[in-house]
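Shown next: entry-v2.pdb, containing PDB, C-alpha atoms and all ligand atoms.
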```pdb
ATOM      1  CA  MET A   1       0.000   0.000   0.000
ATOM      2  CA  ILE A   2       1.123   3.564  -0.718
ATOM      3  CA  ARG A   3       2.078   5.432   2.439
ATOM      4  CA  VAL A   4       3.585   8.840   3.150
ATOM      5  CA  ASN A   5       6.247   8.816   5.837
ATOM      6  CA  PRO A   6       5.378  11.786   8.081
ATOM      7  CA  ASP A   7       8.980  11.938   9.321
ATOM      8  CA  LEU A   8      10.136  12.790   5.792
ATOM      9  CA  CYS A   9       7.225  14.587   4.061
ATOM     10  CA  VAL A  10       8.005  18.308   3.595
ATOM     11  CA  GLY A  11       4.506  19.204   2.416
ATOM     12  CA  CYS A  12       5.416  20.143  -1.167
ATOM     13  CA  PHE A  13       2.292  18.277  -2.357
ATOM     14  CA  ARG A  14       3.800  17.351  -5.727
ATOM     15  CA  CYS A  15       2.215  13.920  -5.227
ATOM     16  CA  PHE A  16      -1.255  15.515  -5.381
ATOM     17  CA  GLY A  17      -0.887  16.747  -8.943
ATOM     18  CA  VAL A  18       0.286  13.475 -10.498
ATOM     19  CA  CYS A  19      -2.120  11.101  -8.769
ATOM     20  CA  ASN A  20      -4.684   9.899 -11.225
ATOM     21  CA  CYS A  21      -6.857   8.538  -8.401
ATOM     22  CA  THR A  22      -6.764  11.579  -6.074
ATOM     23  CA  VAL A  23      -5.450   9.369  -3.287
ATOM     24  CA  PHE A  24      -3.749  12.250  -1.466
ATOM     25  CA  SER A  25      -5.051  14.978   0.774
ATOM     26  CA  GLU A  26      -3.449  17.406   3.200
ATOM     27  CA  VAL A  27      -3.333  16.599   6.892
ATOM     28  CA  ASP A  28      -1.520  18.978   9.243
ATOM     29  CA  GLY A  29       0.566  20.469   6.429
ATOM     30  CA  GLN A  30       1.674  17.096   5.085
ATOM     31  CA  ALA A  31       0.488  14.730   2.384
ATOM     32  CA  TRP A  32      -1.632  11.782   3.501
ATOM     33  CA  ALA A  33      -2.544   8.771   1.328
ATOM     34  CA  ASP A  34      -6.098   7.602   1.891
ATOM     35  CA  PRO A  35      -5.959   3.766   2.090
ATOM     36  CA  GLU A  36      -9.654   3.568   1.183
ATOM     37  CA  LYS A  37      -9.107   5.137  -2.230
ATOM     38  CA  ARG A  38      -8.425   3.054  -5.344
ATOM     39  CA  CYS A  39      -4.696   3.275  -6.151
ATOM     40  CA  LEU A  40      -3.332   2.230  -9.562
ATOM     41  CA  LYS A  41       0.087   1.480  -8.040
ATOM     42  CA  CYS A  42       1.689   3.518 -10.823
ATOM     43  CA  MET A  43       4.124   5.081  -8.305
ATOM     44  CA  HIS A  44       3.865   8.496  -9.949
ATOM     45  CA  CYS A  45       3.615  10.012  -6.475
ATOM     46  CA  ALA A  46       6.899   8.477  -5.382
ATOM     47  CA  SER A  47       8.526   9.327  -8.730
ATOM     48  CA  VAL A  48       8.050  13.052  -8.061
ATOM     49  CA  CYS A  49       8.686  13.069  -4.310
ATOM     50  CA  PRO A  50      11.923  15.014  -3.723
ATOM     51  CA  VAL A  51      12.577  13.516  -0.280
ATOM     52  CA  GLY A  52      11.720   9.820  -0.726
ATOM     53  CA  ALA A  53       8.789  10.063   1.658
ATOM     54  CA  ILE A  54       6.508   7.731  -0.279
ATOM     55  CA  THR A  55       6.797   3.993   0.169
ATOM     56  CA  TRP A  56       5.058   0.917  -1.207
ATOM     57  CA  ASP A  57       4.385  -1.758   1.434
ATOM     58  CA  GLU A  58       6.911   0.049   3.650
ATOM     59  CA  GLU A  59       9.654  -0.314   1.029
ATOM     60  CA  ALA A  60      11.098   2.050  -1.595
ATOM     61  CA  ALA A  61       8.540   2.750  -4.342
ATOM     62  CA  VAL A  62      11.112   3.997  -6.864
ATOM     63  CA  GLU A  63      14.318   2.796  -8.443
ATOM     64  CA  GLU A  64      17.201   4.867  -9.840
ATOM     65  CA  ASP A  65      17.021   8.595 -10.635
ATOM     66  CA  VAL A  66      15.755   9.599 -14.077
ATOM     67  CA  GLU A  67      18.566  10.364 -16.551
ATOM     68  CA  LYS A  68      18.465  12.616 -19.596
ATOM     69  CA  TYR A  69      18.693  10.931 -23.017
ATOM     70  CA  SER A  70      21.841  11.548 -25.043
ATOM     71  CA  ASP A  71      21.645  13.976 -27.984
ATOM     72  CA  GLU A  72      21.818  11.031 -30.411
ATOM     73  CA  PHE A  73      18.981   9.112 -28.818
ATOM     74  CA  HIS A  74      16.063  10.462 -30.812
ATOM     75  CA  GLY A  75      17.849   9.820 -34.115
ATOM     76  CA  GLU A  76      18.736   6.283 -33.035
ATOM     77  CA  LEU A  77      15.149   5.598 -31.998
ATOM     78  CA  VAL A  78      13.860   6.852 -35.359
ATOM     79  CA  LYS A  79      16.389   4.521 -37.018
ATOM     80  CA  LEU A  80      15.084   1.571 -34.995
ATOM     81  CA  VAL A  81      11.464   2.323 -35.876
ATOM     82  CA  ARG A  82      12.271   2.598 -39.597
ATOM     83  CA  GLN A  83      14.705  -0.311 -39.723
ATOM     84  CA  ARG A  84      12.657  -2.807 -37.703
ATOM     85  CA  ARG A  85      11.492  -5.617 -40.031
ATOM     86  CA  SER A  86       9.513  -8.812 -39.781
ATOM     87  CA  TYR A  87      11.877 -11.789 -40.053
ATOM     88  CA  ARG A  88      10.758 -15.296 -40.928
ATOM     89  CA  HIS A  89      14.084 -17.059 -41.543
ATOM     90  CA  TYR A  90      16.298 -17.730 -38.584
ATOM     91  CA  MET A  91      19.631 -19.335 -37.801
ATOM     92  CA  ASP A  92      19.629 -22.614 -35.967
ATOM     93  CA  ARG A  93      21.153 -20.794 -32.992
ATOM     94  CA  PRO A  94      19.598 -20.623 -29.542
ATOM     95  CA  VAL A  95      18.505 -17.264 -28.170
ATOM     96  CA  GLU A  96      20.041 -16.536 -24.790
ATOM     97  CA  ASP A  97      17.494 -16.817 -21.959
ATOM     98  CA  GLU A  98      18.964 -13.691 -20.305
ATOM     99  CA  VAL A  99      18.235 -11.590 -23.395
ATOM    100  CA  LEU A 100      14.623 -12.762 -23.458
ATOM    101  CA  LYS A 101      14.231 -12.363 -19.712
ATOM    102  CA  GLU A 102      15.597  -8.829 -19.738
ATOM    103  CA  ALA A 103      13.255  -7.790 -22.560
ATOM    104  CA  LEU A 104      10.251  -9.415 -20.857
ATOM    105  CA  GLU A 105      11.080  -7.649 -17.623
ATOM    106  CA  LEU A 106      11.483  -4.299 -19.394
ATOM    107  CA  ALA A 107       8.074  -4.763 -21.030
ATOM    108  CA  CYS A 108       6.659  -4.270 -17.506
ATOM    109  CA  TRP A 109       7.331  -0.553 -18.023
ATOM    110  CA  ALA A 110       5.009  -0.429 -21.025
ATOM    111  CA  PRO A 111       1.742   1.345 -20.319
ATOM    112  CA  SER A 112      -1.298  -0.803 -19.548
ATOM    113  CA  ALA A 113      -4.912  -0.016 -18.786
ATOM    114  CA  LYS A 114      -5.311   0.748 -15.080
ATOM    115  CA  ASN A 115      -1.655  -0.296 -14.734
ATOM    116  CA  GLU A 116      -2.841  -3.920 -14.704
ATOM    117  CA  HIS A 117      -0.003  -5.446 -16.763
ATOM    118  CA  PRO A 118      -2.194  -8.481 -17.330
ATOM    119  CA  THR A 119      -0.099 -10.255 -19.996
ATOM    120  CA  LYS A 120       1.694 -13.492 -19.142
ATOM    121  CA  TRP A 121       4.245 -15.303 -21.266
ATOM    122  CA  ILE A 122       5.153 -18.778 -22.446
ATOM    123  CA  VAL A 123       8.575 -19.173 -24.088
ATOM    124  CA  VAL A 124       8.730 -22.250 -26.315
ATOM    125  CA  ARG A 125      12.250 -23.198 -27.426
ATOM    126  CA  SER A 126      12.113 -26.967 -27.604
ATOM    127  CA  ARG A 127      12.439 -27.972 -31.280
ATOM    128  CA  GLU A 128      10.346 -31.035 -30.545
ATOM    129  CA  VAL A 129       7.479 -28.965 -29.116
ATOM    130  CA  LEU A 130       7.696 -26.408 -31.942
ATOM    131  CA  ASP A 131       7.556 -29.120 -34.604
ATOM    132  CA  ASP A 132       4.662 -30.794 -32.822
ATOM    133  CA  MET A 133       2.752 -27.483 -32.711
ATOM    134  CA  MET A 134       3.334 -26.923 -36.419
ATOM    135  CA  ASN A 135       2.241 -30.460 -37.305
ATOM    136  CA  LYS A 136      -0.965 -30.024 -35.325
ATOM    137  CA  ILE A 137      -1.663 -26.735 -37.080
ATOM    138  CA  LEU A 138      -1.079 -28.216 -40.532
ATOM    139  CA  ALA A 139      -3.322 -31.179 -39.716
ATOM    140  CA  TRP A 140      -6.070 -28.838 -38.475
ATOM    141  CA  VAL A 141      -5.836 -26.622 -41.576
ATOM    142  CA  GLN A 142      -6.099 -29.670 -43.807
ATOM    143  CA  GLU A 143      -8.991 -31.111 -41.824
ATOM    144  CA  THR A 144     -11.072 -27.927 -41.530
ATOM    145  CA  GLY A 145     -10.093 -26.116 -44.740
ATOM    146  CA  ASN A 146      -9.499 -22.954 -42.671
ATOM    147  CA  SER A 147      -6.610 -20.682 -43.712
ATOM    148  CA  LEU A 148      -5.570 -23.019 -46.526
ATOM    149  CA  GLU A 149      -3.044 -20.409 -47.678
ATOM    150  CA  ILE A 150      -0.869 -21.551 -44.745
ATOM    151  CA  LEU A 151      -0.587 -24.975 -46.337
ATOM    152  CA  GLU A 152       0.028 -23.583 -49.808
ATOM    153  CA  SER A 153       2.907 -21.340 -48.719
ATOM    154  CA  TYR A 154       4.268 -24.080 -46.433
ATOM    155  CA  LYS A 155       4.509 -26.423 -49.432
ATOM    156  CA  GLU A 156       6.400 -23.676 -51.269
ATOM    157  CA  GLY A 157       8.916 -23.363 -48.433
ATOM    158  CA  MET A 158       7.494 -20.397 -46.517
ATOM    159  CA  ASN A 159       6.127 -21.020 -43.031
ATOM    160  CA  VAL A 160       3.967 -17.991 -42.274
ATOM    161  CA  VAL A 161       2.888 -19.435 -38.935
ATOM    162  CA  MET A 162       6.237 -19.915 -37.191
ATOM    163  CA  GLY A 163       8.920 -19.228 -39.783
ATOM    164  CA  THR A 164      12.040 -21.180 -38.877
ATOM    165  CA  ALA A 165      12.127 -19.536 -35.464
ATOM    166  CA  PRO A 166      14.016 -21.306 -32.668
ATOM    167  CA  VAL A 167      11.848 -19.470 -30.140
ATOM    168  CA  ILE A 168       8.130 -18.812 -30.093
ATOM    169  CA  LEU A 169       6.850 -16.398 -27.506
ATOM    170  CA  LEU A 170       3.190 -16.814 -26.612
ATOM    171  CA  ALA A 171       1.319 -14.058 -24.783
ATOM    172  CA  TYR A 172      -1.825 -14.906 -22.859
ATOM    173  CA  CYS A 173      -4.105 -12.941 -20.666
ATOM    174  CA  SER A 174      -7.308 -13.069 -18.665
ATOM    175  CA  ASP A 175     -10.265 -12.255 -20.918
ATOM    176  CA  ASN A 176     -11.592 -10.128 -18.054
ATOM    177  CA  ALA A 177      -8.610  -7.785 -17.948
ATOM    178  CA  VAL A 178      -9.559  -4.184 -18.715
ATOM    179  CA  ASN A 179      -7.849  -4.157 -22.119
ATOM    180  CA  PRO A 180      -6.244  -7.520 -22.844
ATOM    181  CA  LYS A 181      -5.704  -6.936 -26.568
ATOM    182  CA  GLN A 182      -4.195  -3.499 -26.342
ATOM    183  CA  ASP A 183      -2.110  -4.197 -23.233
ATOM    184  CA  THR A 184      -0.629  -7.310 -24.822
ATOM    185  CA  ALA A 185       0.083  -5.513 -28.102
ATOM    186  CA  ILE A 186       1.816  -2.616 -26.364
ATOM    187  CA  ALA A 187       3.955  -4.926 -24.231
ATOM    188  CA  MET A 188       4.809  -7.000 -27.293
ATOM    189  CA  GLU A 189       5.797  -4.055 -29.454
ATOM    190  CA  THR A 190       7.995  -2.762 -26.646
ATOM    191  CA  LEU A 191       9.610  -6.192 -26.622
ATOM    192  CA  GLU A 192      10.007  -6.278 -30.382
ATOM    193  CA  LEU A 193      11.927  -3.011 -30.450
ATOM    194  CA  LEU A 194      14.125  -4.053 -27.549
ATOM    195  CA  LEU A 195      14.958  -7.408 -29.143
ATOM    196  CA  GLN A 196      15.624  -5.965 -32.595
ATOM    197  CA  SER A 197      17.873  -3.303 -31.048
ATOM    198  CA  GLN A 198      20.043  -6.232 -29.937
ATOM    199  CA  GLY A 199      20.314  -7.881 -33.331
ATOM    200  CA  LEU A 200      17.497 -10.370 -32.907
ATOM    201  CA  GLY A 201      14.843 -10.890 -35.533
ATOM    202  CA  THR A 202      11.169 -11.049 -34.625
ATOM    203  CA  CYS A 203       7.861 -11.380 -36.403
ATOM    204  CA  TRP A 204       4.349 -10.990 -35.091
ATOM    205  CA  ALA A 205       2.646 -14.358 -35.413
ATOM    206  CA  GLY A 206      -1.027 -13.550 -35.948
ATOM    207  CA  TYR A 207      -1.851 -16.887 -37.530
ATOM    208  CA  LEU A 208      -0.294 -18.712 -34.614
ATOM    209  CA  THR A 209      -2.195 -16.594 -32.084
ATOM    210  CA  ARG A 210      -5.477 -17.566 -33.707
ATOM    211  CA  MET A 211      -4.489 -21.229 -33.978
ATOM    212  CA  MET A 212      -3.467 -21.383 -30.318
ATOM    213  CA  ASN A 213      -7.070 -20.558 -29.399
ATOM    214  CA  ALA A 214      -8.710 -22.559 -32.195
ATOM    215  CA  VAL A 215      -6.849 -25.836 -32.724
ATOM    216  CA  PRO A 216      -8.277 -28.248 -30.122
ATOM    217  CA  ALA A 217      -5.041 -30.247 -29.774
ATOM    218  CA  LEU A 218      -3.091 -27.039 -28.961
ATOM    219  CA  VAL A 219      -5.753 -25.749 -26.600
ATOM    220  CA  GLU A 220      -5.480 -29.058 -24.774
ATOM    221  CA  ASP A 221      -1.656 -29.156 -24.781
ATOM    222  CA  PHE A 222      -1.238 -25.638 -23.397
ATOM    223  CA  ALA A 223      -4.246 -25.777 -21.035
ATOM    224  CA  LEU A 224      -4.452 -22.106 -20.091
ATOM    225  CA  PRO A 225      -6.258 -21.277 -16.841
ATOM    226  CA  GLU A 226     -10.039 -20.895 -17.133
ATOM    227  CA  GLY A 227     -11.050 -17.561 -18.694
ATOM    228  CA  HIS A 228      -7.655 -16.938 -20.335
ATOM    229  CA  SER A 229      -6.818 -16.773 -24.049
ATOM    230  CA  PHE A 230      -3.819 -16.188 -26.249
ATOM    231  CA  TYR A 231      -3.616 -12.559 -27.383
ATOM    232  CA  GLY A 232      -0.311 -12.525 -29.228
ATOM    233  CA  ALA A 233       2.709 -14.485 -30.381
ATOM    234  CA  PHE A 234       6.154 -13.734 -31.763
ATOM    235  CA  MET A 235       8.677 -15.641 -33.796
ATOM    236  CA  ILE A 236      12.121 -14.839 -32.345
ATOM    237  CA  GLY A 237      15.659 -15.755 -33.386
ATOM    238  CA  TYR A 238      18.847 -14.558 -35.017
ATOM    239  CA  PRO A 239      17.998 -13.766 -38.657
ATOM    240  CA  GLN A 240      19.389 -15.807 -41.515
ATOM    241  CA  ASP A 241      19.448 -14.820 -45.187
ATOM    242  CA  GLU A 242      17.391 -11.711 -44.522
ATOM    243  CA  ASP A 243      19.892  -8.880 -44.790
ATOM    244  CA  TYR A 244      17.806  -5.791 -45.318
ATOM    245  CA  ILE A 245      20.046  -3.111 -46.769
ATOM    246  CA  HIS A 246      17.394  -0.489 -47.548
ATOM    247  CA  VAL A 247      14.556   1.057 -45.605
ATOM    248  CA  PRO A 248      11.358   0.245 -47.512
ATOM    249  CA  LYS A 249       9.090   2.901 -48.895
ATOM    250  CA  ARG A 250       5.770   3.133 -47.067
ATOM    251  CA  LEU A 251       2.899   3.584 -49.495
ATOM    252  CA  ASN A 252       0.383   4.745 -46.947
ATOM    253  CA  GLN A 253       1.210   8.206 -45.682
ATOM    254  CA  ALA A 254      -0.105   9.239 -42.269
ATOM    255  CA  ASP A 255      -3.791  10.055 -42.697
ATOM    256  CA  ILE A 256      -4.358  12.909 -40.248
ATOM    257  CA  ILE A 257      -7.286  15.170 -39.493
ATOM    258  CA  TRP A 258      -6.104  18.302 -37.678
ATOM    259  CA  LYS A 259      -8.809  20.224 -35.820
TER     260      LYS A 259
HETATM  261  C1  LIG A 301      -0.830  -8.292 -35.567
HETATM  262  C2  LIG A 301       0.113  -8.801 -36.627
HETATM  263  C3  LIG A 301       0.031 -10.109 -37.031
HETATM  264  C4  LIG A 301       0.929 -10.610 -37.985
HETATM  265  N1  LIG A 301       0.904 -11.928 -38.284
HETATM  266  C5  LIG A 301       1.815 -12.450 -39.134
HETATM  267  C6  LIG A 301       1.845 -13.857 -39.375
HETATM  268  O1  LIG A 301       1.042 -14.625 -38.853
HETATM  269  N2  LIG A 301       2.782 -14.331 -40.218
HETATM  270  C7  LIG A 301       3.710 -13.524 -40.817
HETATM  271  O2  LIG A 301       4.538 -14.035 -41.560
HETATM  272  N3  LIG A 301       3.716 -12.177 -40.598
HETATM  273  C8  LIG A 301       2.807 -11.631 -39.758
HETATM  274  N4  LIG A 301       2.815 -10.268 -39.483
HETATM  275  C9  LIG A 301       3.868  -9.426 -40.058
HETATM  276  C10 LIG A 301       3.337  -8.511 -41.150
HETATM  277  O3  LIG A 301       3.089  -9.273 -42.301
HETATM  278  C11 LIG A 301       4.398  -7.427 -41.404
HETATM  279  O4  LIG A 301       4.458  -6.587 -40.267
HETATM  280  C12 LIG A 301       4.132  -6.573 -42.623
HETATM  281  O5  LIG A 301       4.155  -7.362 -43.779
HETATM  282  C13 LIG A 301       5.135  -5.433 -42.795
HETATM  283  O6  LIG A 301       6.455  -5.877 -42.767
HETATM  284  P1  LIG A 301       7.496  -5.292 -41.694
HETATM  285  O7  LIG A 301       6.982  -5.687 -40.334
HETATM  286  O8  LIG A 301       8.796  -5.923 -42.019
HETATM  287  O9  LIG A 301       7.518  -3.803 -41.831
HETATM  288  C14 LIG A 301       1.908  -9.750 -38.561
HETATM  289  C15 LIG A 301       1.967  -8.418 -38.144
HETATM  290  C16 LIG A 301       1.109  -7.953 -37.179
HETATM  291  C17 LIG A 301       1.241  -6.529 -36.724
END
```

Would you give me this structure, written as C-alpha cells?
Amino acid sequence: MIRVNPDLCVGCFRCFGVCNCTVFSEVDGQAWADPEKRCLKCMHCASVCPVGAITWDEEAAVEEDVEKYSDEFHGELVKLVRQRRSYRHYMDRPVEDEVLKEALELACWAPSAKNEHPTKWIVVRSREVLDDMMNKILAWVQETGNSLEILESYKEGMNVVMGTAPVILLAYCSDNAVNPKQDTAIAMETLELLLQSQGLGTCWAGYLTRMMNAVPALVEDFALPEGHSFYGAFMIGYPQDEDYIHVPKRLNQADIIWK
C-alpha cells in the first residue's frame, strides 16, 4: 500500500498533482494517502517526491534517478522504428534466456490499462514442441479447410505461422482484464523493439495466435487457466538470409485530421 512517511514529508504536495486517483489529501501540512481510495500502483507520487517520503508496502517505491537521453537518442530511436522488419528465416542458434528475460522484464514498463499489466508469457524453445505445434496446425488446416493459404505457402517453403524460429513467444491474458488486446500488443511491441535493437529478428505471429485458441489439440496441450486466451505471439531468433540493406518505402502516408 502507498504510504507517506510523516517523518520525511516536507509538504510540497507534488504527489497531489500526479495522482490519477486523487489518493492524497493534506493533513496537518503534510500529504496523507487515503488507504480507502483506489490506487493504480503507478508510483507516480513516489517518482516526483523530492525527499523519498513515499513507500510501497513500507519499502522504496522507486528505483534509480531519471537520466536525460543523449543527444543522439532520438535519431537512433527513429532509425530503430524505420529499420525494424519482420523476419521469418532464422539461424539454428539458440537465443540466450537472459536476453529474453531482460526484454520481458522491461516490457513491464510499457503502459497498460489501469496499470494492470495483465499479460503473461510462455517461451517455447524446444524444437520437438515447436515441430509438434506446427504439425498439429497443418493437420487442423487440412482437416477444416481454414486458412488453406498456410498450407500452400508451407509447401512452397514459406512457413507464415512460425517461420524457422528457434523461439516462439506466446502471450496470454485473462479475458476479463480491462484491455487484454491493447495491453498485450503494447507490451509486445515494446519487446520487439528491444529485441531488434540487440540484433534479434522477430515477427508478429497472428496466424499462430489464432491457432493457439482454435486448434483443439493445442488448446489441450497448453491448457491455459479458465477464462484466459492467447492474445499474441512472436517468432524470435537470429535472422538468416534476410539482410535488409534499404529502408522500404511506405505507401500509406499518415492520414491525419487536424482540428
Ligand atoms: C498483428 C500482426 C500479425 C501478424 N501476423 C503475421 C503472421 O502470422 N505471419 C507472418 O509471416 N507475418 C505476420 N505479421 C507481419 C506482417 O506481415 C508485417 O508486419 C508486414 O508485412 C510489414 O512488414 P514489416 O513488419 O517488415 O515492416 C503480422 C503483423 C502484425 C502486426

Problem set entry | Nearby residues, ligand LIG 301 (chain A), 9 Å, only C-alpha atoms and all ligand atoms, as number ranges by chain | A: 82-88, 158-163, 185, 189, 202-210, 232-235, 248, 250

Pull C-alpha atoms from the residues just selected and write them as a PDB file, keeping the file's coordinate frame.
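Okay, result-v6.pdb is ready:
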```pdb
ATOM      1  CA  ARG A  82      12.271   2.598 -39.597  1.00  0.00           C
ATOM      2  CA  GLN A  83      14.705  -0.311 -39.723  1.00  0.00           C
ATOM      3  CA  ARG A  84      12.657  -2.807 -37.703  1.00  0.00           C
ATOM      4  CA  ARG A  85      11.492  -5.617 -40.031  1.00  0.00           C
ATOM      5  CA  SER A  86       9.513  -8.812 -39.781  1.00  0.00           C
ATOM      6  CA  TYR A  87      11.877 -11.789 -40.053  1.00  0.00           C
ATOM      7  CA  ARG A  88      10.758 -15.296 -40.928  1.00  0.00           C
ATOM      8  CA  MET A 158       7.494 -20.397 -46.517  1.00  0.00           C
ATOM      9  CA  ASN A 159       6.127 -21.020 -43.031  1.00  0.00           C
ATOM     10  CA  VAL A 160       3.967 -17.991 -42.274  1.00  0.00           C
ATOM     11  CA  VAL A 161       2.888 -19.435 -38.935  1.00  0.00           C
ATOM     12  CA  MET A 162       6.237 -19.915 -37.191  1.00  0.00           C
ATOM     13  CA  GLY A 163       8.920 -19.228 -39.783  1.00  0.00           C
ATOM     14  CA  ALA A 185       0.083  -5.513 -28.102  1.00  0.00           C
ATOM     15  CA  GLU A 189       5.797  -4.055 -29.454  1.00  0.00           C
ATOM     16  CA  THR A 202      11.169 -11.049 -34.625  1.00  0.00           C
ATOM     17  CA  CYS A 203       7.861 -11.380 -36.403  1.00  0.00           C
ATOM     18  CA  TRP A 204       4.349 -10.990 -35.091  1.00  0.00           C
ATOM     19  CA  ALA A 205       2.646 -14.358 -35.413  1.00  0.00           C
ATOM     20  CA  GLY A 206      -1.027 -13.550 -35.948  1.00  0.00           C
ATOM     21  CA  TYR A 207      -1.851 -16.887 -37.530  1.00  0.00           C
ATOM     22  CA  LEU A 208      -0.294 -18.712 -34.614  1.00  0.00           C
ATOM     23  CA  THR A 209      -2.195 -16.594 -32.084  1.00  0.00           C
ATOM     24  CA  ARG A 210      -5.477 -17.566 -33.707  1.00  0.00           C
ATOM     25  CA  GLY A 232      -0.311 -12.525 -29.228  1.00  0.00           C
ATOM     26  CA  ALA A 233       2.709 -14.485 -30.381  1.00  0.00           C
ATOM     27  CA  PHE A 234       6.154 -13.734 -31.763  1.00  0.00           C
ATOM     28  CA  MET A 235       8.677 -15.641 -33.796  1.00  0.00           C
ATOM     29  CA  PRO A 248      11.358   0.245 -47.512  1.00  0.00           C
ATOM     30  CA  ARG A 250       5.770   3.133 -47.067  1.00  0.00           C
TER      31      ARG A 250
END
```

Considering all atoms listed in the file, tabulate each residue of stretch 97-138 of chain A that lies at most 8 Å from stretch 173-177 of chain A along with its nearest interatomic pair and the corresponding distance in Å to one decimal; arrange the rows by chain and ascending residue number and present them as CSV.
```
residue,atom,partner,partner_atom,distance
A:Glu116,CA,A:Ala177,CA,7.7
A:Pro118,CA,A:Cys173,CA,5.9
A:Thr119,CA,A:Cys173,CA,4.9
A:Lys120,CA,A:Cys173,CA,6.0
```

Problem set entry | All residues 10 Å or closer to A:Gln182, only C-alpha atoms, same chain fewer than 2 positions away omitted, as a PyMOL selection string | chain A and resi 111-113+178-180+184-188+231

Just the selected residues (C-alpha atoms), exported as a PDB file, keeping the file's coordinate frame, please.
```
ATOM      1  CA  PRO A 111       1.742   1.345 -20.319  1.00  0.00           C
ATOM      2  CA  SER A 112      -1.298  -0.803 -19.548  1.00  0.00           C
ATOM      3  CA  ALA A 113      -4.912  -0.016 -18.786  1.00  0.00           C
ATOM      4  CA  VAL A 178      -9.559  -4.184 -18.715  1.00  0.00           C
ATOM      5  CA  ASN A 179      -7.849  -4.157 -22.119  1.00  0.00           C
ATOM      6  CA  PRO A 180      -6.244  -7.520 -22.844  1.00  0.00           C
ATOM      7  CA  THR A 184      -0.629  -7.310 -24.822  1.00  0.00           C
ATOM      8  CA  ALA A 185       0.083  -5.513 -28.102  1.00  0.00           C
ATOM      9  CA  ILE A 186       1.816  -2.616 -26.364  1.00  0.00           C
ATOM     10  CA  ALA A 187       3.955  -4.926 -24.231  1.00  0.00           C
ATOM     11  CA  MET A 188       4.809  -7.000 -27.293  1.00  0.00           C
ATOM     12  CA  TYR A 231      -3.616 -12.559 -27.383  1.00  0.00           C
TER      13      TYR A 231
END
```

Exercise. Quick one: which residues end up in the PyMOL selection byres (((chain A and resi 38) around 9) and not hetatm) for this structure, as a list in words?
Worked result: Cys21, Thr22, Val23, Asp34, Pro35, Glu36, Lys37, Cys39 and Leu40 of chain A

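Computed from the coordinates, the atom CA of A:Leu193 to atom CA of A:Glu149 distance equals 28.7 Å.
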
Exercise. Which distance in Å separates atom CA of A:Glu96 and atom CA of A:Ser126, to one decimal?
Worked result: 13.4 Å

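In this structure, atom CA of A:Cys49 sits 11.9 Å away from atom CA of A:Cys19.
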
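Residue nearest A:Leu194 within the list A:His74, A:Lys41, A:Lys101, A:Lys114: A:Lys101 [criterion: smallest interatomic distance, all atoms listed in the file].
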
For this session: Take the point (-6.9, -17.0, -27.9) as written in the file and pick out every residue within 8 Å of it, counting only C-alpha atoms; give the list as a ChimeraX atom specification.
Result: /A:172,209-214,228-231

Exercise. What does the PyMOL selection byres (((chain A and resi 167) around 7) and not hetatm) select in this file, as a PyMOL selection string?
Worked result: chain A and resi 123-125+165-166+168-169+235-237

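Applied to the shown file, the PyMOL selection byres (((chain A and resi 48) around 12) and not hetatm) selects the residues Cys12, Phe13, Arg14, Cys15, Phe16, Gly17, Val18, Cys19, Cys42, Met43, His44, Cys45, Ala46, Ser47, Cys49, Pro50, Val51, Gly52, Ala53, Ile54, Ala61, Val62, Asp65 and Val66 of chain A.
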
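Minimum distance to A:Met134 across A:Val81, A:Leu218, A:Val99, A:Leu104 (counting all atoms listed in the file) occurs at A:Leu218.
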
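Nearest residue to A:Pro94, choosing from A:Tyr244, A:Trp32, A:Tyr238, A:Trp56 and counting all atoms listed in the file: A:Tyr238.
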
Seminar exercise, completed: Using only C-alpha atoms, the residue out of A:Val215, A:Glu102, A:Asp57, A:Asn5 with shortest distance to A:Asn146 is A:Val215

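In this comparison, which uses all atoms listed in the file, the residue of A:Tyr154, A:Tyr90, A:Phe24, A:Phe73 approaching A:Pro239 most closely is A:Tyr90.
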
Exercise. Hey, which of A:Leu151, A:Val219, A:Ala107, A:Val247 ends up closest to A:Asp183? Count only C-alpha atoms.
Worked result: A:Ala107
